[in-house]
Structure formats: C-alpha cells, structure tokens
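Here's coords_29.cif, which has mmCIF, C-alpha atoms:
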data_final
loop_
_atom_site.label_atom_id
_atom_site.label_comp_id
_atom_site.auth_asym_id
_atom_site.auth_seq_id
_atom_site.Cartn_x
_atom_site.Cartn_y
_atom_site.Cartn_z
CA MET K 1 46.46 0.66 54.50
CA THR K 2 45.35 -1.82 51.81
CA ILE K 3 46.42 -5.44 51.79
CA THR K 4 48.78 -4.84 48.85
CA GLU K 5 50.38 -1.95 50.71
CA LYS K 6 50.86 -4.15 53.77
CA ALA K 7 52.46 -6.88 51.64
CA ALA K 8 54.83 -4.31 50.11
CA TYR K 9 55.73 -3.06 53.60
CA VAL K 10 56.57 -6.59 54.81
CA LYS K 11 58.62 -7.19 51.64
CA GLY K 12 60.58 -4.01 52.39
CA LEU K 13 61.22 -5.17 55.96
CA ILE K 14 62.54 -8.51 54.72
CA GLU K 15 64.81 -6.87 52.16
CA GLY K 16 66.07 -4.49 54.87
CA LEU K 17 67.27 -7.43 56.96
CA GLY K 18 70.18 -8.02 54.57
CA LEU K 19 69.78 -11.79 54.63
CA ASP K 20 72.13 -14.08 52.73
CA GLY K 21 70.43 -14.78 49.39
CA GLU K 22 71.81 -18.32 49.20
CA SER K 23 70.65 -19.63 52.58
CA LYS K 24 67.71 -22.01 52.85
CA GLU K 25 65.94 -19.71 55.30
CA THR K 26 66.19 -16.71 52.95
CA LYS K 27 64.84 -18.77 50.05
CA ALA K 28 61.92 -19.93 52.22
CA ILE K 29 61.16 -16.35 53.35
CA GLN K 30 61.32 -15.11 49.72
CA ALA K 31 58.93 -17.89 48.65
CA ILE K 32 56.54 -16.93 51.46
CA MET K 33 56.83 -13.27 50.39
CA GLY K 34 56.05 -14.20 46.75
CA LEU K 35 53.00 -16.12 47.91
CA LEU K 36 51.95 -13.19 50.09
CA ASP K 37 52.25 -10.80 47.11
CA ASP K 38 50.14 -13.11 44.93
CA MET K 39 47.50 -13.48 47.63
CA ALA K 40 47.38 -9.72 48.19
CA LEU K 41 46.84 -9.11 44.45
CA THR K 42 44.16 -11.82 44.30
CA VAL K 43 42.32 -10.39 47.31
CA SER K 44 42.57 -6.91 45.80
CA ASP K 45 41.07 -8.19 42.52
CA LEU K 46 38.28 -9.95 44.45
CA GLU K 47 37.48 -6.79 46.39
CA GLU K 48 37.30 -4.80 43.15
CA GLY K 49 35.01 -7.43 41.60
CA TYR K 50 32.88 -7.44 44.73
CA HIS K 51 32.42 -3.67 44.56
CA ASP K 52 31.61 -3.82 40.82
CA LEU K 53 29.07 -6.56 41.47
CA GLY K 54 27.52 -4.49 44.27
CA ASP K 55 27.22 -1.49 41.92
CA GLN K 56 25.56 -3.67 39.27
CA LEU K 57 23.18 -5.15 41.83
CA ASP K 58 22.23 -1.65 42.99
CA ALA K 59 21.49 -0.67 39.37
CA VAL K 60 19.33 -3.78 38.86
CA ASP K 61 17.51 -3.05 42.14
CA GLU K 62 16.78 0.51 41.01
CA ASP K 63 15.55 -0.73 37.62
CA LEU K 64 13.32 -3.34 39.27
CA SER K 65 11.93 -0.77 41.67
CA SER K 66 11.12 1.50 38.74
CA LEU K 67 9.39 -1.36 36.91
CA GLU K 68 7.39 -2.24 40.02
CA ASP K 69 6.27 1.37 40.36
CA ASP K 70 5.18 1.41 36.70
CA PHE K 71 3.53 -2.02 36.79
CA TYR K 72 1.74 -1.88 40.14
CA GLU K 73 -0.55 1.09 40.41
CA GLU K 74 -1.08 0.76 44.18
CA ASP K 75 1.47 1.11 46.94
CA GLU K 76 2.39 -2.12 48.66
CA ASP K 77 1.19 -0.61 51.93
CA GLU K 78 -2.34 -0.12 50.63
CA GLU K 79 -4.58 -3.07 51.24
CA ASP K 80 -7.23 -4.10 48.76
CA ASP K 81 -10.43 -4.28 50.78
CA ASP K 82 -12.63 -5.20 47.81
CA THR K 83 -14.01 -8.72 47.74
CA PHE K 84 -14.62 -10.21 44.32
CA TYR K 85 -17.05 -12.94 43.35
CA GLU K 86 -17.14 -15.13 40.26
CA VAL K 87 -20.42 -15.01 38.37
CA THR K 88 -21.29 -17.14 35.34
CA CYS K 89 -23.44 -15.48 32.72
CA PRO K 90 -26.42 -17.74 31.84
CA SER K 91 -26.43 -16.44 28.25
CA CYS K 92 -22.79 -16.89 27.20
CA ASN K 93 -21.57 -19.17 30.03
CA GLU K 94 -18.52 -16.93 30.59
CA THR K 95 -17.30 -16.42 34.14
CA ILE K 96 -16.67 -12.84 35.23
CA CYS K 97 -15.37 -11.40 38.50
CA LEU K 98 -17.49 -8.74 40.17
CA SER K 99 -17.00 -6.73 43.32
CA GLU K 100 -19.54 -6.80 46.10
CA ASP K 101 -20.51 -3.21 45.29
CA VAL K 102 -21.45 -4.19 41.73
CA LEU K 103 -23.48 -7.17 42.95
CA LEU K 104 -25.37 -5.01 45.45
CA ARG K 105 -26.48 -2.68 42.66
CA GLY K 106 -28.71 -5.57 41.53
CA ALA K 107 -27.96 -5.66 37.80
CA ILE K 108 -25.31 -5.04 35.12
CA ASP K 109 -24.82 -5.91 31.48
CA CYS K 110 -22.52 -8.88 30.84
CA PRO K 111 -19.19 -7.48 29.58
CA ASN K 112 -18.85 -10.47 27.19
CA CYS K 113 -22.25 -10.73 25.51
CA GLY K 114 -24.02 -7.54 26.63
CA LYS K 115 -27.09 -9.36 28.04
CA PRO K 116 -28.44 -7.99 31.33
CA LEU K 117 -27.47 -9.85 34.51
CA GLU K 118 -29.67 -9.45 37.55
CA PHE K 119 -28.67 -10.36 41.09
CA ASP K 120 -31.38 -11.33 43.57
CA PHE K 121 -30.28 -11.95 47.16
CA GLU K 122 -33.77 -12.67 48.58
CA SER K 123 -33.33 -16.42 48.28
CA LEU K 124 -30.07 -16.27 50.24
CA CYS K 125 -31.60 -14.81 53.37
CA ASP K 126 -34.34 -16.62 55.26
CA CYS K 127 -34.08 -14.46 58.34
CA ASP K 128 -36.83 -12.30 59.82
CA ASP K 129 -34.37 -10.09 61.68
CA GLU K 130 -34.18 -6.50 60.51
CA GLU K 131 -30.72 -6.27 62.14
CA CYS K 132 -29.41 -8.85 59.65
CA GLU K 133 -26.50 -7.68 57.51
CA CYS K 134 -27.51 -9.63 54.41
CA HIS K 135 -28.34 -6.40 52.55
CA HIS K 136 -31.81 -7.71 51.69
CA HIS K 137 -33.44 -5.55 54.36
CA SER K 138 -31.51 -2.43 53.38
CA ALA K 139 -32.68 -2.88 49.77
CA GLU K 140 -36.32 -3.22 50.88
CA GLU K 141 -36.04 -0.12 53.09
CA ALA K 142 -34.60 1.87 50.20
CA GLU K 143 -37.62 0.94 48.04
CA GLU K 144 -40.12 2.09 50.72
#
Starting from the coordinates I provided, produce the structure as structure tokens.
Amino acid sequence: MTITEKAAYVKGLIEGLGLDGESKETKAIQAIMGLLDDMALTVSDLEEGYHDLGDQLDAVDEDLSSLEDDFYEEDEDEEDDDTFYEVTCPSCNETICLSEDVLLRGAIDCPNCGKPLEFDFESLCDCDDEECECHHHSAEEAEE
C-alpha cells in the first residue's frame, strides 16, 4: 500500500466515525487529515522525482562507461609495466619519453628533428661483476 493509499484509508476511517462537523475535535482531526493528505502527496512526488533522478543517473553512468571504454584502450585491471625515461635531444633540445626497451636498443632517430640518438650505458656501470643487471654485460655478450 502506498502512502497516499494509506492516507485515503485513514480519511475514510475518520469519515466513517460520523463525528459532529461543528465540534472543535472534529475540526482538529480534519485539519490533521488535510495535512496528512498534503504530506502524502509531497512524499509521493519526491519518490517519483527520486526514481526519475536515479534513471537519469544510470543513463549518465552508462554514457560515461561507454566514453571510458572508447577513450582508454586498456582495461583498468591491466597494469602498465613499461617504465619511461625522459631524454633530451642534443640537436633540437626537445625532451622525449622513451621506454626502457627503446633505450636498450642503443639508438633511434629523434622524432622531432630526425637526427640519430645513441644511448651508451657503459659509463653508468663501473662494476666488474658479470652477474650485474645493468644490461652492459648482456650487450657485450651479444656482440661476441
């Protein structure tokens, strides 16, 4: 039973009592019943607005989800394991971001000016340990 139906039921009960319409008590009960009717209608309107707002919010959520799927190529669950490094080209002084894989190749052409960029990691490692993970040893072994 909705709140408006309950208010109508109570109003019917009051009318069924056969109260004297001129007594103070009857006037007070009728005023309370009028207030109850108004409150029931207001609550009913609020519930309807609430449901409409929920439907609109669901539509916006679906639209946003669709936009996220179109905009982001990867799933949120996938983690980006690539590490990127900023490199400044000595020819054009532009900073570019490169992945570790690109740096380990040893050289690329600058995407801004086209000049070759070479990456030398020998000066970064002063170890004599062949177990070192600095990639310098693996590059030497590949050349041999």
- Task: Report the residues retrieved by the PyMOL selection byres ((chain K and resi 3-20) around 10) from the displayed file, expressed as a ChimeraX atom specification.
- Result: /K:1-2,21-27,29-30,32-44
- Which distance in Å separates CA of Ile96 in chain K and CA of Tyr72 in chain K, to one decimal?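 According to the coordinates, CA of Ile96 in chain K and CA of Tyr72 in chain K are separated by 22.0 Å.
Here CA of Cys97 in chain K stands at a distance of 24.3 Å from CA of Asp70 in chain K.
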- Query: range 102-109 of chain K: which residues within 9 Å, counting only C-alpha atoms, same-chain residues fewer than 6 positions away excluded, as a VMD selection string?
  - Reply: chain K and resid 85 115 to 121 135 139
- Item | Near-Cys92 in chain K list (10 Å; all atoms listed in the file; drop same-chain fewer than 2 positions) as a ChimeraX atom specification | /K:88-90,94-95,110,112-115
- Message: Quick check, in Å to one decimal: how far apart do CA of Glu122 in chain K and CA of Glu100 in chain K lie?
- Response: 15.6 Å
Could you add whatever atoms are missing so that range 59-70 of chain K carries all heavy atoms, then write the result as an mmCIF file, in the coordinates of the input?
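rebuild_10.cif, written as the output of this step:
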data_model
loop_
_atom_site.group_PDB
_atom_site.id
_atom_site.type_symbol
_atom_site.label_atom_id
_atom_site.label_comp_id
_atom_site.auth_asym_id
_atom_site.auth_seq_id
_atom_site.Cartn_x
_atom_site.Cartn_y
_atom_site.Cartn_z
ATOM 1 N N ALA K 59 22.132 -1.150 40.599
ATOM 2 C CA ALA K 59 21.490 -0.670 39.370
ATOM 3 C C ALA K 59 20.286 -1.542 39.013
ATOM 4 O O ALA K 59 19.224 -1.036 38.632
ATOM 5 C CB ALA K 59 22.489 -0.645 38.220
ATOM 6 N N VAL K 60 20.435 -2.867 39.151
ATOM 7 C CA VAL K 60 19.330 -3.780 38.860
ATOM 8 C C VAL K 60 18.187 -3.540 39.849
ATOM 9 O O VAL K 60 17.015 -3.541 39.473
ATOM 10 C CB VAL K 60 19.805 -5.254 38.909
ATOM 11 C CG1 VAL K 60 18.631 -6.219 38.900
ATOM 12 C CG2 VAL K 60 20.734 -5.550 37.750
ATOM 13 N N ASP K 61 18.526 -3.319 41.120
ATOM 14 C CA ASP K 61 17.510 -3.050 42.140
ATOM 15 C C ASP K 61 16.742 -1.773 41.818
ATOM 16 O O ASP K 61 15.517 -1.734 41.936
ATOM 17 C CB ASP K 61 18.172 -2.951 43.519
ATOM 18 C CG ASP K 61 17.160 -2.817 44.639
ATOM 19 O OD1 ASP K 61 16.138 -3.532 44.606
ATOM 20 O OD2 ASP K 61 17.401 -1.993 45.542
ATOM 21 N N GLU K 62 17.448 -0.745 41.383
ATOM 22 C CA GLU K 62 16.780 0.510 41.010
ATOM 23 C C GLU K 62 15.873 0.301 39.800
ATOM 24 O O GLU K 62 14.750 0.808 39.766
ATOM 25 C CB GLU K 62 17.814 1.581 40.708
ATOM 26 C CG GLU K 62 18.537 2.108 41.932
ATOM 27 C CD GLU K 62 19.647 3.091 41.592
ATOM 28 O OE1 GLU K 62 19.674 3.602 40.447
ATOM 29 O OE2 GLU K 62 20.489 3.342 42.470
ATOM 30 N N ASP K 63 16.365 -0.455 38.797
ATOM 31 C CA ASP K 63 15.550 -0.730 37.620
ATOM 32 C C ASP K 63 14.301 -1.532 37.988
ATOM 33 O O ASP K 63 13.203 -1.246 37.509
ATOM 34 C CB ASP K 63 16.353 -1.497 36.563
ATOM 35 C CG ASP K 63 17.441 -0.652 35.933
ATOM 36 O OD1 ASP K 63 17.403 0.589 36.081
ATOM 37 O OD2 ASP K 63 18.347 -1.228 35.284
ATOM 38 N N LEU K 64 14.463 -2.533 38.849
ATOM 39 C CA LEU K 64 13.320 -3.340 39.270
ATOM 40 C C LEU K 64 12.319 -2.510 40.051
ATOM 41 O O LEU K 64 11.112 -2.627 39.857
ATOM 42 C CB LEU K 64 13.804 -4.522 40.115
ATOM 43 C CG LEU K 64 12.726 -5.472 40.619
ATOM 44 C CD1 LEU K 64 11.941 -6.087 39.463
ATOM 45 C CD2 LEU K 64 13.341 -6.564 41.477
ATOM 46 N N SER K 65 12.821 -1.642 40.901
ATOM 47 C CA SER K 65 11.930 -0.770 41.670
ATOM 48 C C SER K 65 11.134 0.134 40.730
ATOM 49 O O SER K 65 9.936 0.345 40.922
ATOM 50 C CB SER K 65 12.744 0.065 42.649
ATOM 51 O OG SER K 65 11.920 0.948 43.348
ATOM 52 N N SER K 66 11.793 0.646 39.715
ATOM 53 C CA SER K 66 11.120 1.500 38.740
ATOM 54 C C SER K 66 10.045 0.714 37.986
ATOM 55 O O SER K 66 8.935 1.210 37.773
ATOM 56 C CB SER K 66 12.148 2.076 37.771
ATOM 57 O OG SER K 66 11.528 2.818 36.763
ATOM 58 N N LEU K 67 10.370 -0.518 37.599
ATOM 59 C CA LEU K 67 9.390 -1.360 36.910
ATOM 60 C C LEU K 67 8.199 -1.678 37.811
ATOM 61 O O LEU K 67 7.053 -1.673 37.365
ATOM 62 C CB LEU K 67 10.032 -2.659 36.439
ATOM 63 C CG LEU K 67 10.941 -2.554 35.229
ATOM 64 C CD1 LEU K 67 11.658 -3.882 34.997
ATOM 65 C CD2 LEU K 67 10.163 -2.157 33.990
ATOM 66 N N GLU K 68 8.478 -1.970 39.085
ATOM 67 C CA GLU K 68 7.390 -2.240 40.020
ATOM 68 C C GLU K 68 6.484 -1.028 40.172
ATOM 69 O O GLU K 68 5.265 -1.163 40.214
ATOM 70 C CB GLU K 68 7.938 -2.654 41.382
ATOM 71 C CG GLU K 68 8.525 -4.044 41.407
ATOM 72 C CD GLU K 68 9.201 -4.374 42.729
ATOM 73 O OE1 GLU K 68 9.539 -3.442 43.491
ATOM 74 O OE2 GLU K 68 9.399 -5.565 43.000
ATOM 75 N N ASP K 69 7.083 0.164 40.243
ATOM 76 C CA ASP K 69 6.270 1.370 40.360
ATOM 77 C C ASP K 69 5.407 1.573 39.131
ATOM 78 O O ASP K 69 4.253 1.990 39.236
ATOM 79 C CB ASP K 69 7.174 2.601 40.558
ATOM 80 C CG ASP K 69 7.843 2.618 41.923
ATOM 81 O OD1 ASP K 69 7.397 1.865 42.814
ATOM 82 O OD2 ASP K 69 8.822 3.376 42.077
ATOM 83 N N ASP K 70 5.945 1.261 37.940
ATOM 84 C CA ASP K 70 5.180 1.410 36.700
ATOM 85 C C ASP K 70 4.104 0.337 36.578
ATOM 86 O O ASP K 70 3.000 0.598 36.098
ATOM 87 C CB ASP K 70 6.109 1.343 35.489
ATOM 88 C CG ASP K 70 7.032 2.538 35.397
ATOM 89 O OD1 ASP K 70 6.771 3.558 36.076
ATOM 90 O OD2 ASP K 70 8.029 2.470 34.650
#
